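File shown here: target22.txt, holding compact mmCIF, N, CA and C atoms.
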# COMPACT_ATOMS: atom_id res chain seq x y z
N MET A 1 83.77 164.54 109.53
CA MET A 1 85.09 164.20 109.04
C MET A 1 85.73 163.19 109.98
N ASP A 2 86.36 162.16 109.44
CA ASP A 2 87.01 161.13 110.25
C ASP A 2 88.30 161.66 110.84
N ALA A 3 88.55 161.27 112.11
CA ALA A 3 89.79 161.65 112.78
C ALA A 3 90.88 160.66 112.41
N PRO A 4 92.12 161.12 112.24
CA PRO A 4 93.22 160.19 111.96
C PRO A 4 93.44 159.24 113.13
N ALA A 5 94.09 158.11 112.85
CA ALA A 5 94.36 157.11 113.89
C ALA A 5 95.10 157.74 115.04
N GLY A 6 94.63 157.39 116.26
CA GLY A 6 95.30 157.87 117.46
C GLY A 6 94.80 159.20 117.97
N GLU A 7 93.91 159.86 117.23
CA GLU A 7 93.40 161.14 117.68
C GLU A 7 92.00 160.97 118.26
N GLU A 8 91.54 162.00 118.98
CA GLU A 8 90.22 161.97 119.60
C GLU A 8 89.16 161.57 118.59
N GLY A 9 88.25 160.72 119.04
CA GLY A 9 87.14 160.33 118.19
C GLY A 9 87.44 159.13 117.32
N SER A 10 88.69 158.72 117.22
CA SER A 10 89.02 157.62 116.32
C SER A 10 88.60 156.27 116.89
N GLU A 11 88.38 156.20 118.21
CA GLU A 11 88.01 154.93 118.83
C GLU A 11 86.72 154.40 118.23
N ALA A 12 85.77 155.28 117.95
CA ALA A 12 84.49 154.88 117.40
C ALA A 12 84.65 154.22 116.03
N GLU A 13 85.64 154.67 115.29
CA GLU A 13 85.86 154.08 113.97
C GLU A 13 86.72 152.82 114.03
N GLY A 14 87.23 152.46 115.22
CA GLY A 14 88.03 151.25 115.35
C GLY A 14 89.43 151.39 114.81
N THR A 15 89.94 152.62 114.68
CA THR A 15 91.28 152.83 114.14
C THR A 15 92.25 153.32 115.21
N GLU A 16 91.89 153.19 116.46
CA GLU A 16 92.74 153.67 117.54
C GLU A 16 94.09 152.96 117.50
N GLU A 17 95.15 153.75 117.61
CA GLU A 17 96.50 153.20 117.59
C GLU A 17 97.32 153.88 118.69
N PHE A 18 98.08 153.07 119.42
CA PHE A 18 98.95 153.57 120.47
C PHE A 18 100.38 153.38 120.02
N VAL A 19 101.20 154.42 120.17
CA VAL A 19 102.56 154.39 119.67
C VAL A 19 103.54 154.68 120.81
N ALA A 20 104.59 153.88 120.88
CA ALA A 20 105.69 154.10 121.82
C ALA A 20 106.97 153.82 121.05
N GLY A 21 107.52 154.86 120.45
CA GLY A 21 108.72 154.69 119.61
C GLY A 21 108.40 153.77 118.45
N PRO A 22 109.17 152.68 118.28
CA PRO A 22 108.96 151.78 117.14
C PRO A 22 107.82 150.77 117.37
N LEU A 23 107.15 150.87 118.51
CA LEU A 23 106.05 149.95 118.83
C LEU A 23 104.72 150.62 118.54
N ARG A 24 103.87 149.91 117.79
CA ARG A 24 102.51 150.39 117.50
C ARG A 24 101.52 149.29 117.86
N VAL A 25 100.47 149.67 118.58
CA VAL A 25 99.45 148.70 119.00
C VAL A 25 98.09 149.20 118.54
N ARG A 26 97.35 148.31 117.85
CA ARG A 26 95.99 148.61 117.40
C ARG A 26 95.05 147.60 118.05
N PRO A 27 94.48 147.95 119.22
CA PRO A 27 93.66 146.98 119.97
C PRO A 27 92.47 146.43 119.19
N SER A 28 91.77 147.27 118.45
CA SER A 28 90.57 146.78 117.76
C SER A 28 90.90 145.75 116.68
N ALA A 29 92.06 145.87 116.07
CA ALA A 29 92.50 144.92 115.05
C ALA A 29 93.34 143.79 115.65
N ARG A 30 93.65 143.91 116.96
CA ARG A 30 94.51 142.95 117.66
C ARG A 30 95.84 142.78 116.93
N VAL A 31 96.44 143.93 116.59
CA VAL A 31 97.71 143.96 115.87
C VAL A 31 98.72 144.75 116.68
N ALA A 32 99.92 144.20 116.78
CA ALA A 32 101.05 144.90 117.38
C ALA A 32 102.21 144.83 116.39
N LEU A 33 102.81 145.97 116.13
CA LEU A 33 103.93 146.05 115.20
C LEU A 33 105.16 146.59 115.93
N LEU A 34 106.29 145.97 115.70
CA LEU A 34 107.55 146.46 116.24
C LEU A 34 108.46 146.68 115.05
N ASP A 35 108.92 147.93 114.88
CA ASP A 35 109.71 148.30 113.69
C ASP A 35 108.97 147.92 112.41
N ASP A 36 107.66 148.16 112.41
CA ASP A 36 106.77 147.90 111.26
C ASP A 36 106.63 146.42 110.91
N GLU A 37 107.10 145.53 111.78
CA GLU A 37 106.94 144.09 111.58
C GLU A 37 105.89 143.57 112.55
N PRO A 38 104.94 142.74 112.09
CA PRO A 38 103.93 142.19 112.99
C PRO A 38 104.58 141.31 114.07
N MET A 39 104.10 141.47 115.28
CA MET A 39 104.59 140.65 116.39
C MET A 39 103.70 139.42 116.53
N THR A 40 104.28 138.31 116.90
CA THR A 40 103.53 137.09 117.17
C THR A 40 103.36 137.00 118.68
N LEU A 41 102.14 137.28 119.14
CA LEU A 41 101.84 137.31 120.56
C LEU A 41 100.72 136.34 120.89
N THR A 42 100.77 135.77 122.09
CA THR A 42 99.64 134.97 122.56
C THR A 42 98.50 135.93 122.89
N PRO A 43 97.27 135.44 123.01
CA PRO A 43 96.16 136.33 123.37
C PRO A 43 96.41 137.07 124.69
N VAL A 44 96.97 136.40 125.68
CA VAL A 44 97.25 137.05 126.97
C VAL A 44 98.32 138.13 126.80
N GLU A 45 99.38 137.83 126.06
CA GLU A 45 100.43 138.83 125.82
C GLU A 45 99.86 140.05 125.11
N PHE A 46 99.01 139.82 124.11
CA PHE A 46 98.44 140.96 123.40
C PHE A 46 97.56 141.79 124.34
N ASP A 47 96.72 141.12 125.14
CA ASP A 47 95.85 141.85 126.07
C ASP A 47 96.67 142.68 127.05
N LEU A 48 97.76 142.12 127.55
CA LEU A 48 98.62 142.86 128.47
C LEU A 48 99.23 144.07 127.77
N LEU A 49 99.76 143.86 126.57
CA LEU A 49 100.38 144.94 125.83
C LEU A 49 99.37 146.04 125.51
N ALA A 50 98.18 145.65 125.09
CA ALA A 50 97.14 146.64 124.78
C ALA A 50 96.75 147.43 126.02
N CYS A 51 96.62 146.75 127.15
CA CYS A 51 96.27 147.42 128.40
C CYS A 51 97.35 148.43 128.78
N LEU A 52 98.61 148.01 128.70
CA LEU A 52 99.71 148.91 129.02
C LEU A 52 99.80 150.06 128.02
N ALA A 53 99.56 149.78 126.75
CA ALA A 53 99.64 150.81 125.71
C ALA A 53 98.57 151.88 125.93
N GLN A 54 97.38 151.45 126.30
CA GLN A 54 96.29 152.40 126.53
C GLN A 54 96.56 153.30 127.73
N ALA A 55 97.44 152.85 128.62
CA ALA A 55 97.77 153.63 129.81
C ALA A 55 99.23 154.11 129.75
N LYS A 56 99.78 154.26 128.56
CA LYS A 56 101.20 154.61 128.40
C LYS A 56 101.60 155.76 129.33
N GLY A 57 102.69 155.51 130.07
CA GLY A 57 103.18 156.52 130.99
C GLY A 57 102.55 156.48 132.37
N ARG A 58 101.57 155.59 132.55
CA ARG A 58 100.90 155.44 133.85
C ARG A 58 101.09 154.01 134.34
N VAL A 59 101.23 153.85 135.65
CA VAL A 59 101.43 152.53 136.25
C VAL A 59 100.13 151.74 136.22
N LYS A 60 100.24 150.49 135.85
CA LYS A 60 99.11 149.55 135.95
C LYS A 60 99.52 148.49 136.97
N THR A 61 98.70 148.32 138.00
CA THR A 61 99.00 147.31 139.01
C THR A 61 98.69 145.92 138.45
N ARG A 62 99.22 144.90 139.12
CA ARG A 62 98.92 143.53 138.72
C ARG A 62 97.41 143.32 138.71
N GLU A 63 96.75 143.83 139.75
CA GLU A 63 95.30 143.67 139.84
C GLU A 63 94.58 144.33 138.67
N GLN A 64 95.01 145.52 138.28
CA GLN A 64 94.40 146.20 137.14
C GLN A 64 94.62 145.41 135.85
N LEU A 65 95.80 144.84 135.71
CA LEU A 65 96.08 144.03 134.52
C LEU A 65 95.22 142.77 134.52
N LEU A 66 95.05 142.16 135.69
CA LEU A 66 94.17 140.99 135.78
C LEU A 66 92.73 141.36 135.45
N ASP A 67 92.28 142.52 135.96
CA ASP A 67 90.92 142.98 135.68
C ASP A 67 90.70 143.23 134.19
N ALA A 68 91.73 143.71 133.52
CA ALA A 68 91.63 143.98 132.08
C ALA A 68 91.46 142.69 131.28
N MET A 69 91.82 141.58 131.90
CA MET A 69 91.66 140.28 131.25
C MET A 69 90.60 139.49 131.99
N SER A 70 89.47 140.12 132.25
CA SER A 70 88.42 139.54 133.10
C SER A 70 87.83 138.24 132.56
N ASP A 71 87.99 137.99 131.27
CA ASP A 71 87.44 136.74 130.73
C ASP A 71 88.37 135.56 130.98
N ARG A 72 89.52 135.83 131.60
CA ARG A 72 90.46 134.76 131.94
C ARG A 72 90.37 134.48 133.44
N ASN A 73 90.65 133.27 133.83
CA ASN A 73 90.56 132.90 135.24
C ASN A 73 91.93 132.97 135.90
N PHE A 74 92.22 134.08 136.55
CA PHE A 74 93.46 134.27 137.29
C PHE A 74 93.11 134.57 138.73
N ASP A 75 93.93 134.11 139.64
CA ASP A 75 93.83 134.48 141.04
C ASP A 75 94.52 135.84 141.18
N VAL A 76 94.01 136.72 142.04
CA VAL A 76 94.59 138.05 142.21
C VAL A 76 96.05 137.96 142.62
N PHE A 77 96.43 136.92 143.34
CA PHE A 77 97.81 136.78 143.77
C PHE A 77 98.63 135.94 142.80
N ASP A 78 98.03 135.60 141.68
CA ASP A 78 98.69 134.79 140.67
C ASP A 78 99.88 135.55 140.08
N ARG A 79 101.05 134.95 140.10
CA ARG A 79 102.24 135.58 139.55
C ARG A 79 102.39 135.31 138.06
N SER A 80 101.39 134.68 137.45
CA SER A 80 101.50 134.39 136.01
C SER A 80 101.61 135.68 135.19
N ILE A 81 101.08 136.80 135.71
CA ILE A 81 101.23 138.07 135.00
C ILE A 81 102.71 138.36 134.79
N ASP A 82 103.52 138.10 135.83
CA ASP A 82 104.96 138.34 135.73
C ASP A 82 105.59 137.48 134.64
N VAL A 83 105.14 136.25 134.53
CA VAL A 83 105.66 135.34 133.50
C VAL A 83 105.29 135.86 132.11
N HIS A 84 104.04 136.31 131.96
CA HIS A 84 103.60 136.83 130.66
C HIS A 84 104.33 138.13 130.31
N ILE A 85 104.56 138.98 131.31
CA ILE A 85 105.32 140.22 131.08
C ILE A 85 106.75 139.87 130.65
N SER A 86 107.35 138.88 131.30
CA SER A 86 108.70 138.45 130.95
C SER A 86 108.75 137.96 129.49
N SER A 87 107.78 137.17 129.10
CA SER A 87 107.72 136.67 127.73
C SER A 87 107.52 137.82 126.74
N LEU A 88 106.66 138.76 127.10
CA LEU A 88 106.39 139.93 126.26
C LEU A 88 107.66 140.76 126.10
N ARG A 89 108.40 140.93 127.18
CA ARG A 89 109.66 141.67 127.11
C ARG A 89 110.64 141.02 126.15
N LYS A 90 110.72 139.70 126.19
CA LYS A 90 111.63 138.99 125.28
C LYS A 90 111.25 139.26 123.83
N LYS A 91 109.96 139.23 123.55
CA LYS A 91 109.50 139.47 122.18
C LYS A 91 109.72 140.91 121.74
N LEU A 92 109.75 141.83 122.72
CA LEU A 92 110.01 143.24 122.42
C LEU A 92 111.51 143.53 122.37
N GLY A 93 112.33 142.53 122.75
CA GLY A 93 113.76 142.76 122.84
C GLY A 93 114.11 143.67 123.99
N ASP A 94 113.30 143.63 125.03
CA ASP A 94 113.43 144.52 126.18
C ASP A 94 114.27 143.88 127.28
N ASP A 95 115.12 144.66 127.90
CA ASP A 95 115.94 144.22 129.03
C ASP A 95 115.30 144.77 130.31
N PRO A 96 114.85 143.89 131.23
CA PRO A 96 114.18 144.39 132.43
C PRO A 96 115.05 145.31 133.29
N LYS A 97 116.38 145.16 133.19
CA LYS A 97 117.26 146.03 133.98
C LYS A 97 117.45 147.40 133.34
N ASN A 98 117.24 147.47 132.05
CA ASN A 98 117.35 148.73 131.31
C ASN A 98 116.25 148.75 130.25
N PRO A 99 114.99 148.88 130.68
CA PRO A 99 113.86 148.70 129.75
C PRO A 99 113.71 149.83 128.75
N ARG A 100 113.33 149.43 127.53
CA ARG A 100 112.96 150.41 126.50
C ARG A 100 111.46 150.60 126.49
N PHE A 101 110.70 149.54 126.83
CA PHE A 101 109.25 149.60 126.70
C PHE A 101 108.50 149.37 128.01
N ILE A 102 108.78 148.27 128.70
CA ILE A 102 108.00 147.93 129.90
C ILE A 102 108.88 148.09 131.14
N ARG A 103 108.50 149.07 131.95
CA ARG A 103 109.24 149.33 133.18
C ARG A 103 108.48 148.72 134.36
N THR A 104 109.22 148.05 135.26
CA THR A 104 108.66 147.52 136.49
C THR A 104 108.84 148.56 137.57
N LEU A 105 107.77 148.86 138.28
CA LEU A 105 107.86 149.74 139.44
C LEU A 105 107.57 148.89 140.65
N ARG A 106 108.62 148.57 141.38
CA ARG A 106 108.53 147.65 142.51
C ARG A 106 107.41 148.03 143.45
N SER A 107 106.63 147.03 143.83
CA SER A 107 105.48 147.17 144.73
C SER A 107 104.36 148.03 144.14
N ALA A 108 104.48 148.38 142.87
CA ALA A 108 103.43 149.20 142.24
C ALA A 108 102.83 148.49 141.03
N GLY A 109 103.66 148.07 140.08
CA GLY A 109 103.15 147.41 138.89
C GLY A 109 104.06 147.62 137.70
N TYR A 110 103.44 147.75 136.54
CA TYR A 110 104.17 147.88 135.28
C TYR A 110 103.69 149.11 134.54
N MET A 111 104.58 149.64 133.69
CA MET A 111 104.23 150.82 132.90
C MET A 111 104.88 150.72 131.53
N LEU A 112 104.13 151.06 130.49
CA LEU A 112 104.69 151.15 129.15
C LEU A 112 105.30 152.54 129.02
N ILE A 113 106.54 152.58 128.60
CA ILE A 113 107.23 153.86 128.42
C ILE A 113 107.58 154.04 126.95
N ASP A 114 107.80 155.28 126.56
CA ASP A 114 108.18 155.58 125.20
C ASP A 114 109.70 155.64 125.14
N PRO A 115 110.33 154.72 124.40
CA PRO A 115 111.80 154.72 124.36
C PRO A 115 112.39 155.99 123.77
N GLU A 116 111.58 156.74 123.04
CA GLU A 116 112.07 157.97 122.44
C GLU A 116 111.69 159.19 123.26
N GLY A 117 110.90 158.96 124.33
CA GLY A 117 110.49 160.06 125.19
C GLY A 117 111.55 160.31 126.25
N ASP A 118 111.30 161.33 127.07
CA ASP A 118 112.27 161.64 128.10
C ASP A 118 111.66 161.42 129.48
N PHE A 119 110.79 160.39 129.58
CA PHE A 119 110.18 160.05 130.87
C PHE A 119 111.19 159.33 131.72
N GLU A 120 111.29 159.71 132.97
CA GLU A 120 112.16 159.03 133.94
C GLU A 120 111.32 158.66 135.14
N ALA A 121 111.49 157.44 135.64
CA ALA A 121 110.75 157.00 136.83
C ALA A 121 111.51 157.37 138.08
Show the structure stored in the file as structure tokens.
Amino acid sequence: MDAPAGEEGSEAEGTEEFVAGPLRVRPSARVALLDDEPMTLTPVEFDLLACLAQAKGRVKTREQLLDAMSDRNFDVFDRSIDVHISSLRKKLGDDPKNPRFIRTLRSAGYMLIDPEGDFEA
């Protein structure tokens, strides 16, 4: 029997979906929806969002985010990740000072949070 999207075993069927409030990310289909509307993301923005979505609630360091995009040529000290995160936040309608989706943890990295959850950093 097939597992519904987002449940154990669904990765094999390519239907894995990560949800954070009104945000849904389907890495295998390279689709991100915000309020059920498709988001227009660059390949780097999508890869970052997918990486953060797969680790929802856990910190991802800059280095881990760079590693997740191993087919791209970035220097480990490259601050371009910050620029891409900033652009992604704008597209999500996120305020870095009061984030709904992407929280910055100073000297640690970034984390996708659920705006409807009760997680506090």
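Residues in contact with stretch 95-106 of chain A at 9 Å, where only C-alpha atoms are counted and same-chain residues fewer than 3 positions away are skipped, are listed as Ala20, Gly21, Leu23, Leu52, Val59, Ile85, Ser86, Leu88, Arg89, Lys90, Leu92, Gly109, Tyr110, Met111, Leu112, Ile113, Asp114, Pro115, Glu116 and Ala121 of chain A.
Computed from the coordinates, the atom CA of A:Asp47 to atom CA of A:Pro27 distance equals 8.3 Å.
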Exercise. Got a sec: who's within 12 Å of A:Arg30, counting only C-alpha atoms, leaving out chain neighbours fewer than 4 positions off, as a PyMOL selection string?
Worked result: chain A and resi 14-18+24-26+38-51
Problem set entry | Gap from atom N of A:Arg58 to atom CA of A:Glu37 - Å, one decimal | 24.5 Å
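Candidate residues A:Val19, A:Val31, A:Leu65, A:Asp36 were compared for distance to A:Ala53, and the nearest is A:Val19, using only C-alpha atoms.
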Exercise. Taking the backbone alone, and naming residues the way the document does, which bits of stretch 32-92 of chain A are strand (DSSP E) by DSSP, as a ChimeraX atom specification?
Worked result: /A:32-34,37-38
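For the pair atom CA of A:His84 and atom CA of A:Ala29, the separation is 20.8 Å.
When only N, CA and C atoms are used to compute distances to A:Arg62, the closest of the residues A:Ser107, A:Ala32, A:Asp94, A:Ser87 turns out to be A:Ser107.
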